Amino acid sequence: MDSLLIIGIGLLGLGVLLIVLEAFVPSGGILGLTALASAIAGIVFLFKYDTMWGAIGLLGTVILGPMAFLWAVELLPNTPLGRLMLGPTNEEIAQQRAQANKSQMAGRDGLLGADGVALTDMRPSGVIEVNGTRHDAIAIGGIIDRDEPVRVTKVDGLTIEVRKAPQG
C-alpha cells in the first residue's frame, strides 16, 4: 500500500516540475496539460492511499502549482534562455542608445576646424563629407555649391555649421 503514496507524491512532484518547465520551454501548453494530468493522477493515488493524504495533495497542488509557475516566470528573464527569448530589456536598450549618442557626439566634437567637401548644394543646409564620413550641415555666410571645400566652424549637439574653406 505504501507504493500508492510514493507514486502519488512522485506524480505531484512531476507535475510541479513540468509546470516550472512550461515557463522556460515554448511547448504551446503541452507541458502545462501534462503537468495538470500528472497532478490529477497523483491526487487520485493519494486519495486511494488515504483521504487525509489526498486532501493534503490537493491543497498542496492548488497552492504550490501556481506559486511554482509564477516563480519560474519571474526567474525567466534572468536566465540565458530567457534573455534569448525576451530580447534586451528597456533599460538595456536605453543604455545602448545613450552610449551610441555619446560616441556620436564625441565624434562630432572632433570635427571642429576640420576641412571637408560639400556633397550637395548647401542652400543653406546640405550634406558634407569630412574625413570620409557624411554629415548634415548648415552653411553660414552664403550658399556653398556642390564639390566646394568647406571648413567646420561650429558643432552644437546635432548641428554642424560650415563656411567655405579658404583657397590655398
# chains A, B, ... in the order shown; residues from 1 in each chain; ligands from 1
$ closest_atom_pairs --of "segment 4-60 of chain A" --to "segment 69-90 of chain A" --cutoff "12 Å" --atoms "only C-alpha atoms" --output "Markdown table"
| residue | atom | partner | partner_atom | distance |
| --- | --- | --- | --- | --- |
| A:Gly15 | CA | A:Phe69 | CA | 10.8 |
| A:Val16 | CA | A:Phe69 | CA | 8.2 |
| A:Leu17 | CA | A:Phe69 | CA | 9.4 |
| A:Leu18 | CA | A:Phe69 | CA | 9.3 |
| A:Ile19 | CA | A:Phe69 | CA | 5.9 |
| A:Val20 | CA | A:Phe69 | CA | 5.2 |
| A:Leu21 | CA | A:Ala72 | CA | 7.9 |
| A:Glu22 | CA | A:Phe69 | CA | 7.9 |
| A:Ala23 | CA | A:Val73 | CA | 5.7 |
| A:Phe24 | CA | A:Leu76 | CA | 6.7 |
| A:Val25 | CA | A:Leu81 | CA | 9.0 |
| A:Pro26 | CA | A:Met85 | CA | 9.6 |
| A:Leu31 | CA | A:Phe69 | CA | 11.9 |
| A:Gly32 | CA | A:Phe69 | CA | 9.8 |
| A:Ala35 | CA | A:Phe69 | CA | 11.0 |
$ write_last_selection --atoms "C-alpha atoms" --output "PDB file, in the first residue's frame"
ATOM      1  CA  GLY A  15       3.528  17.978 -12.110  1.00  0.00           C
ATOM      2  CA  VAL A  16       5.328  20.806 -10.295  1.00  0.00           C
ATOM      3  CA  LEU A  17       8.494  20.168 -12.315  1.00  0.00           C
ATOM      4  CA  LEU A  18       6.553  20.241 -15.592  1.00  0.00           C
ATOM      5  CA  ILE A  19       4.730  23.464 -14.688  1.00  0.00           C
ATOM      6  CA  VAL A  20       8.087  25.145 -13.954  1.00  0.00           C
ATOM      7  CA  LEU A  21       9.467  23.766 -17.218  1.00  0.00           C
ATOM      8  CA  GLU A  22       6.427  25.202 -19.045  1.00  0.00           C
ATOM      9  CA  ALA A  23       7.682  28.706 -18.233  1.00  0.00           C
ATOM     10  CA  PHE A  24      11.049  28.018 -19.891  1.00  0.00           C
ATOM     11  CA  VAL A  25      10.180  25.808 -22.855  1.00  0.00           C
ATOM     12  CA  PRO A  26       7.728  27.041 -25.505  1.00  0.00           C
ATOM     13  CA  LEU A  31       3.794  20.677 -20.809  1.00  0.00           C
ATOM     14  CA  GLY A  32       1.119  22.514 -18.812  1.00  0.00           C
ATOM     15  CA  ALA A  35       1.584  18.759 -15.568  1.00  0.00           C
TER      16      ALA A  35
END
$ select_by_dssp --residues "chain A" --states "strand (DSSP E or B)" --output "JSON, numbers by chain"
{"A": [115, 116, 117, 118, 122, 125, 126, 127, 128, 129, 130, 133, 134, 135, 136, 137, 138, 139, 144, 149, 150, 151, 152, 153, 154, 155, 156, 159, 160, 161, 162, 163, 164]}
$ write_last_selection --atoms "C-alpha atoms" --output "CSV table (one decimal), in the first residue's frame"
chain,number,residue,atom,x,y,z
A,115,ASP,CA,38.1,70.6,-43.7
A,116,GLY,CA,35.8,68.7,-46.0
A,117,VAL,CA,33.8,69.0,-49.2
A,118,ALA,CA,30.1,69.8,-49.9
A,122,MET,CA,24.1,74.0,-49.4
A,125,SER,CA,21.6,73.1,-45.5
A,126,GLY,CA,23.1,70.2,-47.2
A,127,VAL,CA,25.4,67.2,-46.8
A,128,ILE,CA,29.2,67.4,-46.3
A,129,GLU,CA,31.9,64.9,-46.1
A,130,VAL,CA,34.7,65.2,-43.6
A,133,THR,CA,32.1,60.5,-43.1
A,134,ARG,CA,28.9,62.1,-44.3
A,135,HIS,CA,27.2,64.7,-42.1
A,136,ASP,CA,24.2,67.0,-42.4
A,137,ALA,CA,25.4,70.6,-42.1
A,138,ILE,CA,24.3,74.3,-42.4
A,139,ALA,CA,26.2,76.8,-44.5
A,144,ILE,CA,28.0,76.8,-50.9
A,149,PRO,CA,35.8,72.8,-50.0
A,150,VAL,CA,34.2,73.6,-46.6
A,151,ARG,CA,35.6,74.1,-43.0
A,152,VAL,CA,33.6,73.2,-39.9
A,153,THR,CA,33.2,76.3,-37.8
A,154,LYS,CA,30.8,75.2,-35.1
A,155,VAL,CA,29.5,72.0,-33.6
A,156,ASP,CA,26.5,72.3,-31.3
A,159,THR,CA,24.0,70.9,-35.6
A,160,ILE,CA,27.2,71.4,-37.7
A,161,GLU,CA,27.9,74.8,-39.2
A,162,VAL,CA,30.3,75.2,-42.1
A,163,ARG,CA,31.8,78.0,-44.2
A,164,LYS,CA,33.7,78.0,-47.5
$ closest_residue --among "A:Gly8, A:Pro66, A:Gly132, A:Gly28" --to "Gly54 of chain A" --atoms "only C-alpha atoms"
A:Gly8
$ residues_around --residues "Ile40 of chain A" --least-positions-apart "5" --cutoff "12 Å" --atoms "only C-alpha atoms" --output "number ranges by chain"
A: 8-16, 33-35, 45-47, 54, 57-62, 65
$ atom_distance --atom1 "atom CA of Ser38 of chain A" --atom2 "atom CA of Ile63 of chain A"
15.7 Å
$ select_by_dssp --residues "chain A" --states "alpha helix (DSSP H)" --output "PyMOL selection string"
chain A and resi 2-24+30-49+51-75+80-86+90-109
$ write_last_selection --atoms "C-alpha atoms" --output "mmCIF file, in the first residue's frame"
data_model
loop_
_atom_site.group_PDB
_atom_site.id
_atom_site.type_symbol
_atom_site.label_atom_id
_atom_site.label_comp_id
_atom_site.auth_asym_id
_atom_site.auth_seq_id
_atom_site.Cartn_x
_atom_site.Cartn_y
_atom_site.Cartn_z
ATOM 1 C CA ASP A 2 2.971 2.358 0.503
ATOM 2 C CA SER A 3 3.570 2.242 -3.257
ATOM 3 C CA LEU A 4 0.377 4.290 -3.798
ATOM 4 C CA LEU A 5 1.783 7.022 -1.540
ATOM 5 C CA ILE A 6 5.167 7.031 -3.326
ATOM 6 C CA ILE A 7 3.548 7.065 -6.774
ATOM 7 C CA GLY A 8 1.141 9.862 -5.738
ATOM 8 C CA ILE A 9 3.900 12.083 -4.326
ATOM 9 C CA GLY A 10 6.114 11.338 -7.332
ATOM 10 C CA LEU A 11 3.350 12.329 -9.768
ATOM 11 C CA LEU A 12 2.724 15.560 -7.843
ATOM 12 C CA GLY A 13 6.454 16.345 -7.951
ATOM 13 C CA LEU A 14 6.489 15.618 -11.672
ATOM 14 C CA GLY A 15 3.528 17.978 -12.110
ATOM 15 C CA VAL A 16 5.328 20.806 -10.295
ATOM 16 C CA LEU A 17 8.494 20.168 -12.315
ATOM 17 C CA LEU A 18 6.553 20.241 -15.592
ATOM 18 C CA ILE A 19 4.730 23.464 -14.688
ATOM 19 C CA VAL A 20 8.087 25.145 -13.954
ATOM 20 C CA LEU A 21 9.467 23.766 -17.218
ATOM 21 C CA GLU A 22 6.427 25.202 -19.045
ATOM 22 C CA ALA A 23 7.682 28.706 -18.233
ATOM 23 C CA PHE A 24 11.049 28.018 -19.891
ATOM 24 C CA ILE A 30 1.530 20.679 -23.863
ATOM 25 C CA LEU A 31 3.794 20.677 -20.809
ATOM 26 C CA GLY A 32 1.119 22.514 -18.812
ATOM 27 C CA LEU A 33 -1.535 19.964 -19.747
ATOM 28 C CA THR A 34 0.852 17.112 -18.931
ATOM 29 C CA ALA A 35 1.584 18.759 -15.568
ATOM 30 C CA LEU A 36 -2.149 19.004 -14.877
ATOM 31 C CA ALA A 37 -2.713 15.355 -15.801
ATOM 32 C CA SER A 38 0.220 14.289 -13.637
ATOM 33 C CA ALA A 39 -1.062 16.303 -10.665
ATOM 34 C CA ILE A 40 -4.590 14.887 -11.023
ATOM 35 C CA ALA A 41 -3.238 11.331 -11.239
ATOM 36 C CA GLY A 42 -1.035 11.987 -8.179
ATOM 37 C CA ILE A 43 -4.021 13.291 -6.196
ATOM 38 C CA VAL A 44 -6.067 10.225 -7.184
ATOM 39 C CA PHE A 45 -3.269 7.918 -5.999
ATOM 40 C CA LEU A 46 -3.018 9.853 -2.721
ATOM 41 C CA PHE A 47 -6.791 9.615 -2.150
ATOM 42 C CA LYS A 48 -6.604 5.850 -2.787
ATOM 43 C CA TYR A 49 -3.884 5.613 -0.150
ATOM 44 C CA THR A 51 -8.212 10.571 2.434
ATOM 45 C CA MET A 52 -6.001 12.806 4.557
ATOM 46 C CA TRP A 53 -3.051 12.385 2.142
ATOM 47 C CA GLY A 54 -5.388 13.098 -0.776
ATOM 48 C CA ALA A 55 -6.621 16.327 0.827
ATOM 49 C CA ILE A 56 -3.041 17.397 1.585
ATOM 50 C CA GLY A 57 -2.009 16.619 -2.006
ATOM 51 C CA LEU A 58 -4.994 18.530 -3.424
ATOM 52 C CA LEU A 59 -4.378 21.561 -1.204
ATOM 53 C CA GLY A 60 -0.646 21.476 -1.932
ATOM 54 C CA THR A 61 -1.250 21.307 -5.688
ATOM 55 C CA VAL A 62 -3.734 24.179 -5.651
ATOM 56 C CA ILE A 63 -1.276 26.366 -3.705
ATOM 57 C CA LEU A 64 2.147 25.214 -4.942
ATOM 58 C CA GLY A 65 1.299 24.812 -8.642
ATOM 59 C CA PRO A 66 0.585 28.485 -9.367
ATOM 60 C CA MET A 67 3.356 29.601 -6.989
ATOM 61 C CA ALA A 68 5.906 27.430 -8.812
ATOM 62 C CA PHE A 69 4.778 28.755 -12.192
ATOM 63 C CA LEU A 70 4.929 32.409 -11.076
ATOM 64 C CA TRP A 71 8.378 31.836 -9.561
ATOM 65 C CA ALA A 72 9.585 30.346 -12.843
ATOM 66 C CA VAL A 73 8.141 33.251 -14.862
ATOM 67 C CA GLU A 74 9.847 35.727 -12.517
ATOM 68 C CA LEU A 75 13.134 33.850 -12.846
ATOM 69 C CA PRO A 80 20.364 32.866 -20.667
ATOM 70 C CA LEU A 81 17.403 31.179 -22.395
ATOM 71 C CA GLY A 82 15.032 33.848 -21.090
ATOM 72 C CA ARG A 83 17.247 36.690 -22.303
ATOM 73 C CA LEU A 84 17.444 34.990 -25.686
ATOM 74 C CA MET A 85 13.660 34.597 -25.858
ATOM 75 C CA LEU A 86 12.711 38.007 -24.487
ATOM 76 C CA ASN A 90 14.054 48.578 -21.949
ATOM 77 C CA GLU A 91 16.880 49.597 -19.619
ATOM 78 C CA GLU A 92 19.465 47.842 -21.797
ATOM 79 C CA ILE A 93 18.059 49.485 -24.948
ATOM 80 C CA ALA A 94 18.168 52.912 -23.276
ATOM 81 C CA GLN A 95 21.785 52.326 -22.204
ATOM 82 C CA GLN A 96 22.783 51.287 -25.726
ATOM 83 C CA ARG A 97 21.128 54.378 -27.222
ATOM 84 C CA ALA A 98 22.760 56.670 -24.667
ATOM 85 C CA GLN A 99 26.167 55.140 -25.407
ATOM 86 C CA ALA A 100 25.648 55.487 -29.171
ATOM 87 C CA ASN A 101 24.581 59.124 -28.791
ATOM 88 C CA LYS A 102 27.552 59.833 -26.545
ATOM 89 C CA SER A 103 30.045 58.349 -29.008
ATOM 90 C CA GLN A 104 28.324 60.129 -31.905
ATOM 91 C CA MET A 105 28.528 63.447 -30.074
ATOM 92 C CA ALA A 106 32.199 62.835 -29.213
ATOM 93 C CA GLY A 107 32.893 62.131 -32.893
ATOM 94 C CA ARG A 108 31.112 65.333 -33.922
ATOM 95 C CA ASP A 109 33.115 67.426 -31.443
#
$ closest_residue --among "A:Asp50, A:Gly142, A:Ser27, A:Ala165" --to "Gly113 of chain A" --atoms "only C-alpha atoms"
A:Ala165
$ atom_distance --atom1 "atom CA of Thr120 of chain A" --atom2 "atom CA of Ile143 of chain A"
10.9 Å
